[in-house]
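Accompanying notes for the structure given below.
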Amino acid sequence: MTSQKDKNDPFETHKKAGLFGSIWGAKQPVVKAAPPGAAAGGGKGYKADKQKPDPPSFSKLFFFPMAFFIITSLSFTVFWELNQAVPVIIAMIMLSTVFDFSSLGDMKNSRGEEVNGLLPSLTGSGAMKAIRVWLHIVVAWLAVFLGAVTGMNAGESYMSHFYAISFGQEYENVLASTPGAAYADAGKVFFASSSHVEPEKSIGFKDKMVFCVAPVMDKNQKRKSVAFWAIGYDCCDARGNFKCGDAKHHGGVRAPPDGLLVQDRVMFLKAVSQAAAVNNLEVDEDVILLHWVKDPDAEAVAKFFSALGADFIGAGLFALLVLIMTGGILAAEHEFVESAYAASHGGKEDGTSLRADILG
């Protein structure tokens, strides 16, 4: 049954905070016993005790979003290809924790009673303080979103190659005439001396960049179906002249599957279909695309550090964005305080005390 308290307070404006409530929900005004020697009816709650915190400082406005960006981007880079739920959960935690710093505890309802809202109002006497709080929330959420996009891109562009090489099986002395299903779990493939790339049968499929493919065939290959294809970017002509990687070597590393942001495999498969049509070949049901490299292990290490490099380049650009946004807001705040001081003069020698009054 509904209690009398709930009937009097249907919107629970005085309810203590839950998981996403204001940090002020647990600090309801309570009557405290007067200290010895003091008058009866001592102060009430956090206002009298001066427990109300200052709005976010510049360091919090800068370093919290930077930490959010780096943690989110690295989690998406490392875990996106392994278990997509992990970085998503981390991002959700980041998004929710920002509200621990969100409330100024000065919102009022229609009856003029102070309530403990999740977000501060941008109107009234606390508007200047609320601007900093909202800036903190917006930049922190932006950090998580951009960090996720940066990490996902780094994961699909570079880390996926590292995982494909490191976690896949290594096969040696492979005949190119073998069906691709026999090497479906390959990460590194080294061919027999009788198998080699056919550069004159290569095709360059252009879509913003040129996606180059060339069949890998055995000298004595009788079957027209080709399973292994060497690939690369902008390293061939529309027909022939394949110069991707180092064709003198007899092996390569497997290209990873497509992701949400990076979808190069589908473009290479279009090039494979075109090359097969032009050269009267057939495409095996289990196509294996290979980047032709000299040292697969060195290639894996290079992709790993490229992924980390992409994250930190993104962090640097995001830091510049945060500085611009935060600097603009704080500059506007300074101008507001200075103009308010000039208009009031209020017996103050400078704007320091006025700034303290405005910001808490």
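Each chain in the structure tokens gets a letter, A, B and so on, in the order shown; residues start at 1 in every chain, and ligands are counted from 1 in the order they appear.
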#### Entry: Close residues, range 74-88 of chain A itself excluded, 10 Å, only C-alpha atoms, min 2 positions apart in chain, as number ranges by chain
A: 69-72, 90-94, 147-160, 163-164, 259, 304, 307-308, 310-312
Go through range 151-193 of chain A residue by residue and, counting only C-alpha atoms, keep those with an atom at most 7 Å from range 209-226 of chain A; for each kept residue give the shortest atom pair and its distance in Å to one decimal, ordered by chain and increasing number, as a Markdown table.
| residue | atom | partner | partner_atom | distance |
| --- | --- | --- | --- | --- |
| A:Leu175 | CA | A:Asp218 | CA | 6.4 |
| A:Ala176 | CA | A:Met217 | CA | 5.1 |
| A:Ser177 | CA | A:Gln221 | CA | 5.7 |
### Task
Tell me which protein, DNA and RNA residues are within 12 Å of Leu289 in chain A, counting only C-alpha atoms, leaving out same-chain ones fewer than 5 positions away, and put them as a PyMOL selection string.
chain A and resi 164+180+183-184+186-189+211-216+226-232+251-257+264-269+271-272+283-284
Dump as an mmCIF file, in the first residue's frame, selection limited to N, CA and C atoms:
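Below you can see result.cif, which holds the result:
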data_model
loop_
_atom_site.group_PDB
_atom_site.id
_atom_site.type_symbol
_atom_site.label_atom_id
_atom_site.label_comp_id
_atom_site.auth_asym_id
_atom_site.auth_seq_id
_atom_site.Cartn_x
_atom_site.Cartn_y
_atom_site.Cartn_z
ATOM 1 N N ALA A 164 45.209 -12.466 -36.357
ATOM 2 C CA ALA A 164 45.147 -13.442 -37.448
ATOM 3 C C ALA A 164 46.483 -14.151 -37.629
ATOM 4 N N GLY A 180 41.262 -24.619 -50.592
ATOM 5 C CA GLY A 180 41.445 -23.733 -49.450
ATOM 6 C C GLY A 180 40.902 -24.285 -48.147
ATOM 7 N N TYR A 183 43.219 -25.462 -45.399
ATOM 8 C CA TYR A 183 44.008 -24.506 -44.615
ATOM 9 C C TYR A 183 43.112 -23.375 -44.093
ATOM 10 N N ALA A 184 41.901 -23.749 -43.702
ATOM 11 C CA ALA A 184 40.932 -22.750 -43.259
ATOM 12 C C ALA A 184 41.370 -22.021 -41.998
ATOM 13 N N ALA A 186 44.543 -21.220 -41.268
ATOM 14 C CA ALA A 186 45.915 -20.749 -41.478
ATOM 15 C C ALA A 186 46.094 -19.307 -41.030
ATOM 16 N N GLY A 187 47.251 -19.022 -40.443
ATOM 17 C CA GLY A 187 47.648 -17.658 -40.123
ATOM 18 C C GLY A 187 48.879 -17.269 -40.916
ATOM 19 N N LYS A 188 49.777 -18.274 -41.108
ATOM 20 C CA LYS A 188 50.991 -18.097 -41.907
ATOM 21 C C LYS A 188 51.058 -19.252 -42.902
ATOM 22 N N VAL A 189 51.317 -18.922 -44.149
ATOM 23 C CA VAL A 189 51.373 -19.941 -45.202
ATOM 24 C C VAL A 189 52.681 -19.788 -45.971
ATOM 25 N N PHE A 211 42.619 -2.003 -55.038
ATOM 26 C CA PHE A 211 42.728 -3.275 -54.337
ATOM 27 C C PHE A 211 43.301 -4.299 -55.320
ATOM 28 N N CYS A 212 44.527 -4.702 -55.062
ATOM 29 C CA CYS A 212 45.256 -5.567 -55.993
ATOM 30 C C CYS A 212 45.211 -7.028 -55.547
ATOM 31 N N VAL A 213 44.970 -7.916 -56.501
ATOM 32 C CA VAL A 213 44.997 -9.356 -56.222
ATOM 33 C C VAL A 213 45.729 -10.056 -57.356
ATOM 34 N N ALA A 214 46.418 -11.156 -57.000
ATOM 35 C CA ALA A 214 47.086 -11.995 -57.996
ATOM 36 C C ALA A 214 46.972 -13.439 -57.538
ATOM 37 N N PRO A 215 46.660 -14.360 -58.436
ATOM 38 C CA PRO A 215 46.521 -15.759 -58.033
ATOM 39 C C PRO A 215 47.869 -16.387 -57.685
ATOM 40 N N VAL A 216 47.852 -17.253 -56.691
ATOM 41 C CA VAL A 216 49.021 -18.067 -56.352
ATOM 42 C C VAL A 216 48.741 -19.453 -56.910
ATOM 43 N N VAL A 226 41.191 -21.615 -58.006
ATOM 44 C CA VAL A 226 42.307 -21.023 -57.267
ATOM 45 C C VAL A 226 41.830 -20.621 -55.879
ATOM 46 N N ALA A 227 42.522 -21.097 -54.856
ATOM 47 C CA ALA A 227 42.144 -20.800 -53.470
ATOM 48 C C ALA A 227 42.990 -19.690 -52.859
ATOM 49 N N PHE A 228 44.262 -19.609 -53.251
ATOM 50 C CA PHE A 228 45.184 -18.666 -52.623
ATOM 51 C C PHE A 228 45.411 -17.458 -53.531
ATOM 52 N N TRP A 229 45.272 -16.256 -52.925
ATOM 53 C CA TRP A 229 45.443 -15.013 -53.676
ATOM 54 C C TRP A 229 46.318 -14.057 -52.872
ATOM 55 N N ALA A 230 47.354 -13.539 -53.523
ATOM 56 C CA ALA A 230 48.184 -12.501 -52.907
ATOM 57 C C ALA A 230 47.481 -11.156 -53.090
ATOM 58 N N ILE A 231 47.532 -10.312 -52.073
ATOM 59 C CA ILE A 231 46.790 -9.051 -52.114
ATOM 60 C C ILE A 231 47.673 -7.890 -51.666
ATOM 61 N N GLY A 232 47.208 -6.676 -51.961
ATOM 62 C CA GLY A 232 47.911 -5.466 -51.535
ATOM 63 C C GLY A 232 47.145 -4.232 -51.966
ATOM 64 N N GLY A 251 55.751 -17.023 -49.189
ATOM 65 C CA GLY A 251 54.752 -17.103 -48.133
ATOM 66 C C GLY A 251 54.120 -15.771 -47.816
ATOM 67 N N GLY A 252 53.093 -15.840 -47.013
ATOM 68 C CA GLY A 252 52.388 -14.630 -46.619
ATOM 69 C C GLY A 252 51.591 -14.850 -45.349
ATOM 70 N N VAL A 253 50.932 -13.795 -44.919
ATOM 71 C CA VAL A 253 50.093 -13.848 -43.715
ATOM 72 C C VAL A 253 48.652 -13.602 -44.117
ATOM 73 N N ARG A 254 47.766 -14.249 -43.420
ATOM 74 C CA ARG A 254 46.366 -14.208 -43.793
ATOM 75 C C ARG A 254 45.731 -12.869 -43.446
ATOM 76 N N ALA A 255 44.901 -12.360 -44.353
ATOM 77 C CA ALA A 255 44.147 -11.131 -44.095
ATOM 78 C C ALA A 255 42.982 -11.446 -43.164
ATOM 79 N N PRO A 256 42.683 -10.586 -42.206
ATOM 80 C CA PRO A 256 41.588 -10.837 -41.260
ATOM 81 C C PRO A 256 40.228 -10.614 -41.913
ATOM 82 N N PRO A 257 39.163 -11.061 -41.261
ATOM 83 C CA PRO A 257 37.812 -10.802 -41.786
ATOM 84 C C PRO A 257 37.426 -9.340 -41.633
ATOM 85 N N ASP A 264 37.735 -4.222 -45.959
ATOM 86 C CA ASP A 264 38.571 -4.376 -47.149
ATOM 87 C C ASP A 264 38.395 -5.749 -47.802
ATOM 88 N N ARG A 265 38.075 -6.752 -47.022
ATOM 89 C CA ARG A 265 37.990 -8.105 -47.577
ATOM 90 C C ARG A 265 36.966 -8.183 -48.711
ATOM 91 N N VAL A 266 35.825 -7.537 -48.523
ATOM 92 C CA VAL A 266 34.796 -7.596 -49.557
ATOM 93 C C VAL A 266 35.286 -6.954 -50.854
ATOM 94 N N MET A 267 36.129 -5.921 -50.749
ATOM 95 C CA MET A 267 36.673 -5.287 -51.942
ATOM 96 C C MET A 267 37.693 -6.201 -52.629
ATOM 97 N N PHE A 268 38.508 -6.887 -51.832
ATOM 98 C CA PHE A 268 39.471 -7.826 -52.416
ATOM 99 C C PHE A 268 38.739 -8.991 -53.101
ATOM 100 N N LEU A 269 37.635 -9.443 -52.538
ATOM 101 C CA LEU A 269 36.884 -10.538 -53.155
ATOM 102 C C LEU A 269 36.270 -10.100 -54.483
ATOM 103 N N ALA A 271 37.737 -7.984 -56.454
ATOM 104 C CA ALA A 271 38.892 -8.035 -57.355
ATOM 105 C C ALA A 271 39.211 -9.470 -57.756
ATOM 106 N N VAL A 272 39.072 -10.404 -56.809
ATOM 107 C CA VAL A 272 39.307 -11.817 -57.108
ATOM 108 C C VAL A 272 38.322 -12.306 -58.168
ATOM 109 N N VAL A 283 37.079 -19.522 -58.837
ATOM 110 C CA VAL A 283 37.398 -19.130 -57.465
ATOM 111 C C VAL A 283 36.980 -20.243 -56.521
ATOM 112 N N ASP A 284 37.912 -20.692 -55.720
ATOM 113 C CA ASP A 284 37.637 -21.736 -54.741
ATOM 114 C C ASP A 284 36.591 -21.266 -53.730
#
